[in-house]
>>> print(open('upload-v2.cif').read())   # mmCIF, C-alpha atoms; chains and numbers go by the auth columns
data_start
loop_
_atom_site.group_PDB
_atom_site.id
_atom_site.type_symbol
_atom_site.label_atom_id
_atom_site.label_comp_id
_atom_site.label_asym_id
_atom_site.label_seq_id
_atom_site.Cartn_x
_atom_site.Cartn_y
_atom_site.Cartn_z
_atom_site.B_iso_or_equiv
_atom_site.auth_seq_id
_atom_site.auth_asym_id
ATOM 1 C CA MET A 1 -18.010 13.934 -9.556 0.00 1 N
ATOM 2 C CA VAL A 2 -15.344 16.082 -7.908 0.00 2 N
ATOM 3 C CA THR A 3 -13.341 14.480 -5.105 0.00 3 N
ATOM 4 C CA THR A 4 -10.061 15.157 -3.396 0.00 4 N
ATOM 5 C CA ARG A 5 -7.986 12.079 -2.700 0.00 5 N
ATOM 6 C CA THR A 6 -5.165 12.574 -0.211 0.00 6 N
ATOM 7 C CA PRO A 7 -2.016 10.949 -1.611 0.00 7 N
ATOM 8 C CA LEU A 8 -0.631 8.060 0.456 0.00 8 N
ATOM 9 C CA MET A 9 3.035 7.111 0.532 0.00 9 N
ATOM 10 C CA ALA A 10 3.359 3.647 2.062 0.00 10 N
ATOM 11 C CA GLY A 11 6.710 2.143 3.020 0.00 11 N
ATOM 12 C CA ASN A 12 6.764 -1.663 2.993 0.00 12 N
ATOM 13 C CA TRP A 13 9.795 -2.712 5.049 0.00 13 N
ATOM 14 C CA LYS A 14 9.314 -6.395 4.197 0.00 14 N
ATOM 15 C CA MET A 15 11.567 -8.560 6.426 0.00 15 N
ATOM 16 C CA ASN A 16 13.902 -5.779 7.501 0.00 16 N
ATOM 17 C CA PHE A 17 14.591 -3.957 10.809 0.00 17 N
ATOM 18 C CA ASN A 18 14.269 -5.399 14.298 0.00 18 N
ATOM 19 C CA HIS A 19 12.171 -3.516 16.841 0.00 19 N
ATOM 20 C CA LEU A 20 15.043 -1.308 18.021 0.00 20 N
ATOM 21 C CA GLN A 21 15.960 -0.369 14.471 0.00 21 N
ATOM 22 C CA ALA A 22 12.289 0.339 13.804 0.00 22 N
ATOM 23 C CA ILE A 23 12.125 2.827 16.688 0.00 23 N
ATOM 24 C CA ALA A 24 15.240 4.644 15.504 0.00 24 N
ATOM 25 C CA PHE A 25 13.993 4.759 11.912 0.00 25 N
ATOM 26 C CA VAL A 26 10.532 6.095 12.797 0.00 26 N
ATOM 27 C CA GLN A 27 12.008 8.784 15.042 0.00 27 N
ATOM 28 C CA LYS A 28 14.481 9.914 12.403 0.00 28 N
ATOM 29 C CA LEU A 29 11.836 9.878 9.658 0.00 29 N
ATOM 30 C CA ALA A 30 9.437 11.930 11.785 0.00 30 N
ATOM 31 C CA TRP A 31 12.177 14.436 12.656 0.00 31 N
ATOM 32 C CA THR A 32 13.251 14.728 9.040 0.00 32 N
ATOM 33 C CA LEU A 33 9.702 15.427 7.864 0.00 33 N
ATOM 34 C CA LYS A 34 9.107 17.885 10.714 0.00 34 N
ATOM 35 C CA ASP A 35 12.291 19.787 9.903 0.00 35 N
ATOM 36 C CA ALA A 36 11.127 19.992 6.286 0.00 36 N
ATOM 37 C CA GLY A 37 7.734 21.349 7.354 0.00 37 N
ATOM 38 C CA HIS A 38 5.831 18.399 5.927 0.00 38 N
ATOM 39 C CA ASP A 39 2.030 18.623 6.072 0.00 39 N
ATOM 40 C CA TYR A 40 0.495 15.184 6.628 0.00 40 N
ATOM 41 C CA GLU A 41 -2.894 16.558 5.619 0.00 41 N
ATOM 42 C CA GLU A 42 -1.498 17.141 2.138 0.00 42 N
ATOM 43 C CA VAL A 43 0.375 13.835 1.770 0.00 43 N
ATOM 44 C CA GLU A 44 -0.220 10.955 4.158 0.00 44 N
ATOM 45 C CA ALA A 45 2.705 8.724 5.086 0.00 45 N
ATOM 46 C CA ALA A 46 2.673 5.236 6.605 0.00 46 N
ATOM 47 C CA VAL A 47 5.146 2.457 7.316 0.00 47 N
ATOM 48 C CA PHE A 48 4.495 -1.283 7.213 0.00 48 N
ATOM 49 C CA PRO A 49 6.896 -2.990 9.635 0.00 49 N
ATOM 50 C CA PRO A 50 7.296 -6.714 10.368 0.00 50 N
ATOM 51 C CA PHE A 51 4.865 -8.047 12.999 0.00 51 N
ATOM 52 C CA THR A 52 7.552 -8.016 15.710 0.00 52 N
ATOM 53 C CA ASP A 53 8.077 -4.254 15.286 0.00 53 N
ATOM 54 C CA ILE A 54 4.490 -3.039 15.359 0.00 54 N
ATOM 55 C CA ARG A 55 4.155 -2.654 19.126 0.00 55 N
ATOM 56 C CA SER A 56 7.401 -0.648 19.231 0.00 56 N
ATOM 57 C CA VAL A 57 6.196 1.576 16.388 0.00 57 N
ATOM 58 C CA GLN A 58 2.881 2.072 18.193 0.00 58 N
ATOM 59 C CA THR A 59 4.674 3.067 21.391 0.00 59 N
ATOM 60 C CA ILE A 60 6.866 5.711 19.759 0.00 60 N
ATOM 61 C CA VAL A 61 4.021 7.082 17.629 0.00 61 N
ATOM 62 C CA ASP A 62 1.771 7.426 20.676 0.00 62 N
ATOM 63 C CA ALA A 63 4.465 8.738 23.033 0.00 63 N
ATOM 64 C CA ASP A 64 5.723 11.402 20.622 0.00 64 N
ATOM 65 C CA LYS A 65 2.261 12.086 19.142 0.00 65 N
ATOM 66 C CA LEU A 66 3.560 11.458 15.642 0.00 66 N
ATOM 67 C CA LYS A 67 1.279 11.829 12.634 0.00 67 N
ATOM 68 C CA LEU A 68 2.996 8.988 10.808 0.00 68 N
ATOM 69 C CA GLY A 69 0.620 6.103 10.120 0.00 69 N
ATOM 70 C CA TYR A 70 1.453 2.415 10.210 0.00 70 N
ATOM 71 C CA GLY A 71 0.082 -0.935 9.203 0.00 71 N
ATOM 72 C CA ALA A 72 0.917 -4.627 8.905 0.00 72 N
ATOM 73 C CA GLN A 73 2.274 -6.585 5.977 0.00 73 N
ATOM 74 C CA ASP A 74 -0.306 -9.366 6.217 0.00 74 N
ATOM 75 C CA LEU A 75 -3.105 -10.779 8.374 0.00 75 N
ATOM 76 C CA SER A 76 -4.967 -14.020 8.835 0.00 76 N
ATOM 77 C CA GLN A 77 -8.309 -14.606 7.213 0.00 77 N
ATOM 78 C CA HIS A 78 -9.332 -16.106 10.575 0.00 78 N
ATOM 79 C CA ASP A 79 -10.172 -14.143 13.713 0.00 79 N
ATOM 80 C CA SER A 80 -8.801 -16.663 16.224 0.00 80 N
ATOM 81 C CA GLY A 81 -8.172 -20.366 16.713 0.00 81 N
ATOM 82 C CA ALA A 82 -5.627 -23.086 15.993 0.00 82 N
ATOM 83 C CA TYR A 83 -3.702 -21.252 13.270 0.00 83 N
ATOM 84 C CA THR A 84 -0.087 -21.395 14.369 0.00 84 N
ATOM 85 C CA GLY A 85 1.950 -18.469 13.098 0.00 85 N
ATOM 86 C CA ASP A 86 -1.051 -16.466 11.893 0.00 86 N
ATOM 87 C CA VAL A 87 -1.888 -12.984 13.183 0.00 87 N
ATOM 88 C CA SER A 88 -5.492 -11.850 13.566 0.00 88 N
ATOM 89 C CA GLY A 89 -6.822 -8.537 12.390 0.00 89 N
ATOM 90 C CA GLU A 90 -8.168 -8.066 15.901 0.00 90 N
ATOM 91 C CA PHE A 91 -4.610 -8.133 17.263 0.00 91 N
ATOM 92 C CA LEU A 92 -3.473 -5.585 14.705 0.00 92 N
ATOM 93 C CA ALA A 93 -6.369 -3.270 15.499 0.00 93 N
ATOM 94 C CA GLN A 94 -5.472 -3.451 19.195 0.00 94 N
ATOM 95 C CA LEU A 95 -1.973 -2.276 18.253 0.00 95 N
ATOM 96 C CA GLY A 96 -3.418 0.815 16.603 0.00 96 N
ATOM 97 C CA ALA A 97 -2.633 -0.250 13.032 0.00 97 N
ATOM 98 C CA LYS A 98 -4.705 1.542 10.418 0.00 98 N
ATOM 99 C CA TYR A 99 -3.701 -0.405 7.312 0.00 99 N
ATOM 100 C CA VAL A 100 -2.787 -3.945 6.298 0.00 100 N
ATOM 101 C CA LEU A 101 -1.361 -5.231 3.036 0.00 101 N
ATOM 102 C CA VAL A 102 -3.336 -8.012 1.369 0.00 102 N
ATOM 103 C CA GLY A 103 -2.178 -10.109 -1.561 0.00 103 N
ATOM 104 C CA HIS A 104 1.291 -8.644 -1.998 0.00 104 N
ATOM 105 C CA SER A 105 2.944 -10.371 -4.954 0.00 105 N
ATOM 106 C CA GLU A 106 5.448 -12.037 -2.637 0.00 106 N
ATOM 107 C CA ARG A 107 2.592 -13.543 -0.636 0.00 107 N
ATOM 108 C CA ARG A 108 0.893 -14.685 -3.824 0.00 108 N
ATOM 109 C CA THR A 109 4.028 -16.265 -5.296 0.00 109 N
ATOM 110 C CA LEU A 110 6.018 -17.438 -2.255 0.00 110 N
ATOM 111 C CA HIS A 111 3.037 -18.504 -0.139 0.00 111 N
ATOM 112 C CA ASP A 112 0.628 -19.530 -2.903 0.00 112 N
ATOM 113 C CA GLU A 113 -2.086 -17.113 -1.787 0.00 113 N
ATOM 114 C CA THR A 114 -5.042 -17.349 -4.136 0.00 114 N
ATOM 115 C CA ASP A 115 -7.620 -14.724 -5.037 0.00 115 N
ATOM 116 C CA GLU A 116 -10.037 -16.529 -2.703 0.00 116 N
ATOM 117 C CA VAL A 117 -7.621 -16.219 0.226 0.00 117 N
ATOM 118 C CA CYS A 118 -7.069 -12.552 -0.591 0.00 118 N
ATOM 119 C CA ARG A 119 -10.815 -11.946 -0.631 0.00 119 N
ATOM 120 C CA ALA A 120 -11.152 -13.580 2.799 0.00 120 N
ATOM 121 C CA LYS A 121 -8.297 -11.430 4.124 0.00 121 N
ATOM 122 C CA VAL A 122 -9.863 -8.245 2.742 0.00 122 N
ATOM 123 C CA ASN A 123 -13.072 -9.105 4.566 0.00 123 N
ATOM 124 C CA ALA A 124 -11.169 -9.934 7.758 0.00 124 N
ATOM 125 C CA ALA A 125 -9.424 -6.560 7.639 0.00 125 N
ATOM 126 C CA VAL A 126 -12.673 -4.666 7.164 0.00 126 N
ATOM 127 C CA ARG A 127 -14.322 -6.714 9.906 0.00 127 N
ATOM 128 C CA HIS A 128 -11.744 -5.418 12.389 0.00 128 N
ATOM 129 C CA GLY A 129 -11.738 -1.800 11.257 0.00 129 N
ATOM 130 C CA LEU A 130 -8.518 -2.009 9.247 0.00 130 N
ATOM 131 C CA VAL A 131 -8.061 -0.555 5.773 0.00 131 N
ATOM 132 C CA PRO A 132 -6.939 -3.304 3.413 0.00 132 N
ATOM 133 C CA VAL A 133 -4.346 -2.335 0.819 0.00 133 N
ATOM 134 C CA LEU A 134 -5.142 -4.876 -1.886 0.00 134 N
ATOM 135 C CA CYS A 135 -2.145 -5.515 -4.110 0.00 135 N
ATOM 136 C CA VAL A 136 -2.655 -6.480 -7.754 0.00 136 N
ATOM 137 C CA GLY A 137 -0.369 -6.755 -10.753 0.00 137 N
ATOM 138 C CA GLU A 138 0.910 -8.784 -13.666 0.00 138 N
ATOM 139 C CA SER A 139 4.087 -10.782 -14.205 0.00 139 N
ATOM 140 C CA LEU A 140 6.542 -10.089 -17.021 0.00 140 N
ATOM 141 C CA GLU A 141 5.261 -13.128 -18.896 0.00 141 N
ATOM 142 C CA GLN A 142 1.691 -11.866 -18.634 0.00 142 N
ATOM 143 C CA ARG A 143 2.645 -8.365 -19.743 0.00 143 N
ATOM 144 C CA GLU A 144 4.407 -9.712 -22.798 0.00 144 N
ATOM 145 C CA SER A 145 1.857 -12.360 -23.769 0.00 145 N
ATOM 146 C CA LEU A 146 -1.512 -10.763 -23.053 0.00 146 N
ATOM 147 C CA GLU A 147 -3.208 -8.327 -25.387 0.00 147 N
ATOM 148 C CA ASP A 148 -4.461 -6.404 -22.349 0.00 148 N
ATOM 149 C CA PRO A 149 -2.033 -6.806 -19.399 0.00 149 N
ATOM 150 C CA ALA A 150 -4.339 -4.655 -17.237 0.00 150 N
ATOM 151 C CA SER A 151 -6.841 -7.508 -17.286 0.00 151 N
ATOM 152 C CA VAL A 152 -4.713 -9.374 -14.724 0.00 152 N
ATOM 153 C CA SER A 153 -5.020 -6.561 -12.188 0.00 153 N
ATOM 154 C CA VAL A 154 -8.712 -6.081 -12.954 0.00 154 N
ATOM 155 C CA GLU A 155 -9.492 -9.765 -12.383 0.00 155 N
ATOM 156 C CA GLN A 156 -7.494 -9.837 -9.137 0.00 156 N
ATOM 157 C CA LEU A 157 -9.323 -6.697 -8.027 0.00 157 N
ATOM 158 C CA LYS A 158 -12.764 -8.095 -8.798 0.00 158 N
ATOM 159 C CA ALA A 159 -11.946 -11.328 -6.979 0.00 159 N
ATOM 160 C CA GLY A 160 -10.504 -9.559 -3.938 0.00 160 N
ATOM 161 C CA LEU A 161 -13.401 -7.121 -3.551 0.00 161 N
ATOM 162 C CA ALA A 162 -16.207 -9.433 -4.708 0.00 162 N
ATOM 163 C CA ASP A 163 -18.138 -9.283 -1.457 0.00 163 N
ATOM 164 C CA VAL A 164 -16.500 -6.426 0.430 0.00 164 N
ATOM 165 C CA GLN A 165 -18.777 -4.581 2.841 0.00 165 N
ATOM 166 C CA ALA A 166 -20.552 -1.630 1.224 0.00 166 N
ATOM 167 C CA GLY A 167 -18.896 1.657 2.091 0.00 167 N
ATOM 168 C CA ALA A 168 -15.716 0.047 3.423 0.00 168 N
ATOM 169 C CA GLU A 169 -12.523 2.011 2.838 0.00 169 N
ATOM 170 C CA VAL A 170 -10.019 0.155 0.698 0.00 170 N
ATOM 171 C CA VAL A 171 -6.785 1.092 -1.010 0.00 171 N
ATOM 172 C CA ILE A 172 -5.564 -0.581 -4.195 0.00 172 N
ATOM 173 C CA ALA A 173 -1.860 -0.974 -4.959 0.00 173 N
ATOM 174 C CA TYR A 174 -0.889 -1.719 -8.539 0.00 174 N
ATOM 175 C CA GLU A 175 2.480 -3.425 -8.436 0.00 175 N
ATOM 176 C CA PRO A 176 3.684 -4.959 -11.697 0.00 176 N
ATOM 177 C CA VAL A 177 5.601 -8.011 -10.494 0.00 177 N
ATOM 178 C CA TRP A 178 8.313 -7.472 -13.092 0.00 178 N
ATOM 179 C CA ALA A 179 9.164 -4.091 -11.562 0.00 179 N
ATOM 180 C CA ILE A 180 9.430 -5.113 -7.892 0.00 180 N
ATOM 181 C CA GLY A 181 12.992 -4.973 -6.617 0.00 181 N
ATOM 182 C CA THR A 182 14.381 -5.196 -10.146 0.00 182 N
ATOM 183 C CA GLY A 183 15.238 -1.576 -10.739 0.00 183 N
ATOM 184 C CA GLU A 184 12.781 -1.640 -13.625 0.00 184 N
ATOM 185 C CA VAL A 185 9.823 0.679 -13.390 0.00 185 N
ATOM 186 C CA ALA A 186 6.700 1.047 -15.455 0.00 186 N
ATOM 187 C CA THR A 187 6.592 4.285 -17.375 0.00 187 N
ATOM 188 C CA SER A 188 4.168 6.796 -15.955 0.00 188 N
ATOM 189 C CA GLU A 189 1.972 6.204 -18.994 0.00 189 N
ATOM 190 C CA GLN A 190 1.974 2.416 -18.473 0.00 190 N
ATOM 191 C CA ALA A 191 1.133 2.830 -14.789 0.00 191 N
ATOM 192 C CA GLN A 192 -1.628 5.333 -15.544 0.00 192 N
ATOM 193 C CA GLU A 193 -3.183 3.031 -18.143 0.00 193 N
ATOM 194 C CA VAL A 194 -3.517 0.166 -15.659 0.00 194 N
ATOM 195 C CA CYS A 195 -4.613 2.386 -12.763 0.00 195 N
ATOM 196 C CA ALA A 196 -7.329 3.906 -14.953 0.00 196 N
ATOM 197 C CA SER A 197 -8.556 0.386 -15.772 0.00 197 N
ATOM 198 C CA ILE A 198 -8.558 -0.421 -12.062 0.00 198 N
ATOM 199 C CA ARG A 199 -10.652 2.665 -11.287 0.00 199 N
ATOM 200 C CA ARG A 200 -13.150 1.727 -13.983 0.00 200 N
ATOM 201 C CA ALA A 201 -13.374 -1.769 -12.512 0.00 201 N
ATOM 202 C CA VAL A 202 -14.049 -0.331 -9.044 0.00 202 N
ATOM 203 C CA SER A 203 -16.841 1.767 -10.548 0.00 203 N
ATOM 204 C CA GLU A 204 -18.416 -1.296 -12.133 0.00 204 N
ATOM 205 C CA LEU A 205 -18.097 -3.297 -8.929 0.00 205 N
ATOM 206 C CA LEU A 206 -18.793 -0.753 -6.180 0.00 206 N
ATOM 207 C CA GLY A 207 -20.213 2.294 -7.935 0.00 207 N
ATOM 208 C CA GLU A 208 -19.012 5.669 -9.189 0.00 208 N
ATOM 209 C CA GLU A 209 -18.656 7.243 -5.758 0.00 209 N
ATOM 210 C CA ALA A 210 -16.415 4.441 -4.520 0.00 210 N
ATOM 211 C CA ALA A 211 -14.329 4.683 -7.678 0.00 211 N
ATOM 212 C CA ALA A 212 -13.942 8.430 -7.273 0.00 212 N
ATOM 213 C CA ASN A 213 -12.804 8.053 -3.673 0.00 213 N
ATOM 214 C CA VAL A 214 -10.598 4.951 -3.766 0.00 214 N
ATOM 215 C CA ARG A 215 -6.880 5.622 -3.634 0.00 215 N
ATOM 216 C CA ILE A 216 -4.774 3.701 -6.140 0.00 216 N
ATOM 217 C CA LEU A 217 -1.046 3.418 -5.433 0.00 217 N
ATOM 218 C CA TYR A 218 1.752 2.432 -7.773 0.00 218 N
ATOM 219 C CA GLY A 219 4.437 0.058 -6.493 0.00 219 N
ATOM 220 C CA GLY A 220 7.567 -1.120 -8.276 0.00 220 N
ATOM 221 C CA SER A 221 11.061 0.350 -7.815 0.00 221 N
ATOM 222 C CA VAL A 222 9.703 3.774 -6.794 0.00 222 N
ATOM 223 C CA LYS A 223 12.548 6.172 -6.001 0.00 223 N
ATOM 224 C CA PRO A 224 12.990 9.903 -5.361 0.00 224 N
ATOM 225 C CA GLY A 225 14.029 10.323 -8.978 0.00 225 N
ATOM 226 C CA ASN A 226 10.891 8.876 -10.554 0.00 226 N
ATOM 227 C CA VAL A 227 8.116 9.509 -8.038 0.00 227 N
ATOM 228 C CA ALA A 228 7.267 12.995 -9.309 0.00 228 N
ATOM 229 C CA SER A 229 6.514 11.824 -12.845 0.00 229 N
ATOM 230 C CA ILE A 230 4.434 8.931 -11.523 0.00 230 N
ATOM 231 C CA MET A 231 2.423 11.231 -9.266 0.00 231 N
ATOM 232 C CA ARG A 232 1.521 13.546 -12.140 0.00 232 N
ATOM 233 C CA GLU A 233 -0.850 10.898 -13.499 0.00 233 N
ATOM 234 C CA PRO A 234 -4.533 11.515 -12.666 0.00 234 N
ATOM 235 C CA ASP A 235 -5.379 8.014 -11.455 0.00 235 N
ATOM 236 C CA ILE A 236 -2.294 7.465 -9.284 0.00 236 N
ATOM 237 C CA ASP A 237 -2.769 8.566 -5.683 0.00 237 N
ATOM 238 C CA GLY A 238 0.467 7.491 -4.047 0.00 238 N
ATOM 239 C CA ALA A 239 3.124 4.820 -3.958 0.00 239 N
ATOM 240 C CA LEU A 240 3.824 1.498 -2.296 0.00 240 N
ATOM 241 C CA VAL A 241 7.566 1.790 -1.723 0.00 241 N
ATOM 242 C CA GLY A 242 9.875 -1.149 -1.061 0.00 242 N
ATOM 243 C CA GLY A 243 13.650 -0.765 -0.968 0.00 243 N
ATOM 244 C CA ALA A 244 13.621 3.035 -0.920 0.00 244 N
ATOM 245 C CA SER A 245 11.455 2.999 2.230 0.00 245 N
ATOM 246 C CA LEU A 246 14.433 1.567 4.162 0.00 246 N
ATOM 247 C CA SER A 247 16.313 4.842 3.733 0.00 247 N
ATOM 248 C CA VAL A 248 15.105 7.841 5.724 0.00 248 N
ATOM 249 C CA GLU A 249 16.542 10.198 3.124 0.00 249 N
ATOM 250 C CA ASP A 250 14.951 8.426 0.176 0.00 250 N
ATOM 251 C CA PHE A 251 11.582 7.769 1.768 0.00 251 N
ATOM 252 C CA SER A 252 11.243 11.297 3.150 0.00 252 N
ATOM 253 C CA SER A 253 12.070 12.639 -0.300 0.00 253 N
ATOM 254 C CA ILE A 254 9.378 10.413 -1.838 0.00 254 N
ATOM 255 C CA ILE A 255 6.850 11.594 0.744 0.00 255 N
ATOM 256 C CA ARG A 256 7.772 15.196 -0.055 0.00 256 N
ATOM 257 C CA TYR A 257 7.481 14.654 -3.815 0.00 257 N
ATOM 258 C CA ARG A 258 5.545 17.924 -4.184 0.00 258 N
ATOM 259 C CA SER A 259 8.660 19.867 -3.285 0.00 259 N
ATOM 260 C CA HIS A 260 10.550 18.400 -6.248 0.00 260 N
ATOM 261 C CA VAL A 261 11.336 20.649 -9.167 0.00 261 N
ATOM 262 C CA GLY A 262 8.629 20.588 -11.826 0.00 262 N
ATOM 263 C CA VAL A 263 5.836 19.041 -9.740 0.00 263 N
#
>>> encode(input="upload-v2.cif", output="structure tokens")
Amino acid sequence: MVTTRTPLMAGNWKMNFNHLQAIAFVQKLAWTLKDAGHDYEEVEAAVFPPFTDIRSVQTIVDADKLKLGYGAQDLSQHDSGAYTGDVSGEFLAQLGAKYVLVGHSERRTLHDETDEVCRAKVNAAVRHGLVPVLCVGESLEQRESLEDPASVSVEQLKAGLADVQAGAEVVIAYEPVWAIGTGEVATSEQAQEVCASIRRAVSELLGEEAAANVRILYGGSVKPGNVASIMREPDIDGALVGGASLSVEDFSSIIRYRSHVGV
């Protein structure tokens, strides 16, 4: 089955930038990519700001008719009600967000989010027309102790997508926990091995067509210097970028990975 998956470069700002800084960053990023002649049809780019920045990002994107996408870093599994501090997928959709991260390793570890919670959040995202970016990945202890470290990501994937609506668009982000913010990065071969296992799992769960179309991102200390080698792998369709997405120069270079020598 021949498909063409548009690469997606997603910048997760985490808890950085206030709304004024977000406006300045988005404007500068858009200008930088425009000056470089970037084609968003060839490589999609999106930022994931804190909740308090999303309205400001929406305003500048709409006002300047920017092609840069954006999403949220989390959402509630509930649509409305007495859930202090939670943010509904409905609210995010009203702000024009296209994507939302689900199950990022920091949510799983710092907020004790289980596979069941992640599954409910995936369904909530789809229910409100958002594209969930389901994050999966193993810890250093799991990588070193398990015969098949990819099994961690596969099990998280199967749990998160267990009852997802047929035909729903989802994105999977493989982020080995041991490589997030550490400067360590999986080799392109290691990343490809796990991403291939993820694609096979999607095929078993949702069918061959879904597996052929789903975009699988790699996340974990992605930088301009290593993105090209990562993107050469057949089952890697983009990157979930953390620290490097806070620099216009670095993130724009990652987005424009095809212009790098040897790609």
>>> atom_distance(input="upload-v2.cif", atom1="atom CA of N:Ser139", atom2="atom CA of N:Val177")
4.9 Å
>>> closest_residue(input="upload-v2.cif", among="N:Thr109, N:Thr84, N:Asn12, N:Thr114", to="N:Ala72", atoms="only C-alpha atoms")
N:Asn12
>>> closest_residue(input="upload-v2.cif", among="N:Ala179, N:Ile236, N:Val126, N:Ile60", to="N:Glu90", atoms="only C-alpha atoms")
N:Val126
>>> resolve_selection(input="upload-v2.cif", expression="the PyMOL selection byres ((chain N and resi 235) around 8)", output="JSON list (two decimals) with C-alpha atoms, in the frame of the given file")
[["chain", "number", "residue", "atom", "x", "y", "z"],
["N", 192, "GLN", "CA", -1.63, 5.33, -15.54],
["N", 195, "CYS", "CA", -4.61, 2.39, -12.76],
["N", 196, "ALA", "CA", -7.33, 3.91, -14.95],
["N", 199, "ARG", "CA", -10.65, 2.66, -11.29],
["N", 216, "ILE", "CA", -4.77, 3.70, -6.14],
["N", 233, "GLU", "CA", -0.85, 10.90, -13.50],
["N", 234, "PRO", "CA", -4.53, 11.52, -12.67],
["N", 236, "ILE", "CA", -2.29, 7.46, -9.28],
["N", 237, "ASP", "CA", -2.77, 8.57, -5.68]]
>>> resolve_selection(input="upload-v2.cif", expression="the PyMOL selection byres ((chain N and resi 37-42) around 8)", output="list in words")
Thr6, Pro7, Leu33, Lys34, Asp35, Ala36, Val43, Glu44, Ala45, Lys67, Leu68 and Arg256 of chain N
>>> residues_around(input="upload-v2.cif", residues="N:Ala125", least_positions_apart="3", cutoff="9 Å", atoms="all atoms listed in the file", output="PyMOL selection string")
chain N and resi 75-77+88-90+99-100+102+120-122+128-132
>>> closest_residue(input="upload-v2.cif", among="N:Ala173, N:Met9, N:Val57, N:Val26", to="N:Ser247", atoms="only C-alpha atoms")
N:Val26
>>> atom_distance(input="upload-v2.cif", atom1="atom CA of N:Ala166", atom2="atom CA of N:Gln94")
23.5 Å
>>> atom_distance(input="upload-v2.cif", atom1="atom CA of N:Glu138", atom2="atom CA of N:Pro176")
5.1 Å
>>> resolve_selection(input="upload-v2.cif", expression="the PyMOL selection byres ((chain N and resi 198) around 9)", output="PyMOL selection string")
chain N and resi 150-151+153-154+157+172+174+193-197+199-203+211+216
>>> closest_residue(input="upload-v2.cif", among="N:Arg108, N:Arg5, N:Lys223, N:His260", to="N:Leu246", atoms="only C-alpha atoms")
N:Lys223
>>> closest_residue(input="upload-v2.cif", among="N:Pro149, N:Gly167, N:Pro50, N:Gly96", to="N:Asn213", atoms="all atoms listed in the file")
N:Gly167
>>> closest_residue(input="upload-v2.cif", among="N:Ile23, N:Gly69, N:Lys28, N:Tyr218", to="N:Thr52", atoms="all atoms listed in the file")
N:Ile23
>>> axis_aligned_box(input="upload-v2.cif", around="stretch 36-42 of chain N", padding_each_side="3 Å", output="lines of an AutoDock Vina configuration file")
center_x = 4.1
center_y = 18.3
center_z = 4.7
size_x = 20.0
size_y = 12.2
size_z = 11.2
>>> decode(input="upload-v2.cif", residues="stretch 197-208 of chain N", atoms="N, CA and C atoms", output="short mmCIF file (atom, residue, chain, number, x, y, z; two decimals), in the first residue's frame")
data_model
loop_
_atom_site.label_atom_id
_atom_site.label_comp_id
_atom_site.auth_asym_id
_atom_site.auth_seq_id
_atom_site.Cartn_x
_atom_site.Cartn_y
_atom_site.Cartn_z
N SER N 197 7.85 -1.22 15.21
CA SER N 197 6.99 -2.05 16.08
C SER N 197 5.67 -1.35 16.35
N ILE N 198 5.73 -0.03 16.53
CA ILE N 198 4.51 0.75 16.76
C ILE N 198 3.59 0.66 15.54
N ARG N 199 4.18 0.79 14.34
CA ARG N 199 3.35 0.74 13.13
C ARG N 199 2.71 -0.64 12.96
N ARG N 200 3.45 -1.68 13.29
CA ARG N 200 2.87 -3.02 13.22
C ARG N 200 1.72 -3.17 14.22
N ALA N 201 1.88 -2.58 15.39
CA ALA N 201 0.83 -2.65 16.41
C ALA N 201 -0.42 -1.90 15.95
N VAL N 202 -0.23 -0.76 15.28
CA VAL N 202 -1.38 -0.01 14.75
C VAL N 202 -2.10 -0.84 13.71
N SER N 203 -1.34 -1.56 12.88
CA SER N 203 -1.95 -2.42 11.86
C SER N 203 -2.80 -3.51 12.50
N GLU N 204 -2.27 -4.11 13.56
CA GLU N 204 -3.02 -5.17 14.25
C GLU N 204 -4.28 -4.62 14.91
N LEU N 205 -4.18 -3.40 15.41
CA LEU N 205 -5.29 -2.82 16.17
C LEU N 205 -6.32 -2.15 15.27
N LEU N 206 -5.86 -1.39 14.28
CA LEU N 206 -6.76 -0.56 13.48
C LEU N 206 -6.78 -0.91 11.99
N GLY N 207 -5.91 -1.79 11.57
CA GLY N 207 -5.89 -2.19 10.17
C GLY N 207 -4.71 -1.62 9.40
N GLU N 208 -4.46 -2.22 8.24
CA GLU N 208 -3.29 -1.85 7.43
C GLU N 208 -3.36 -0.42 6.92
#
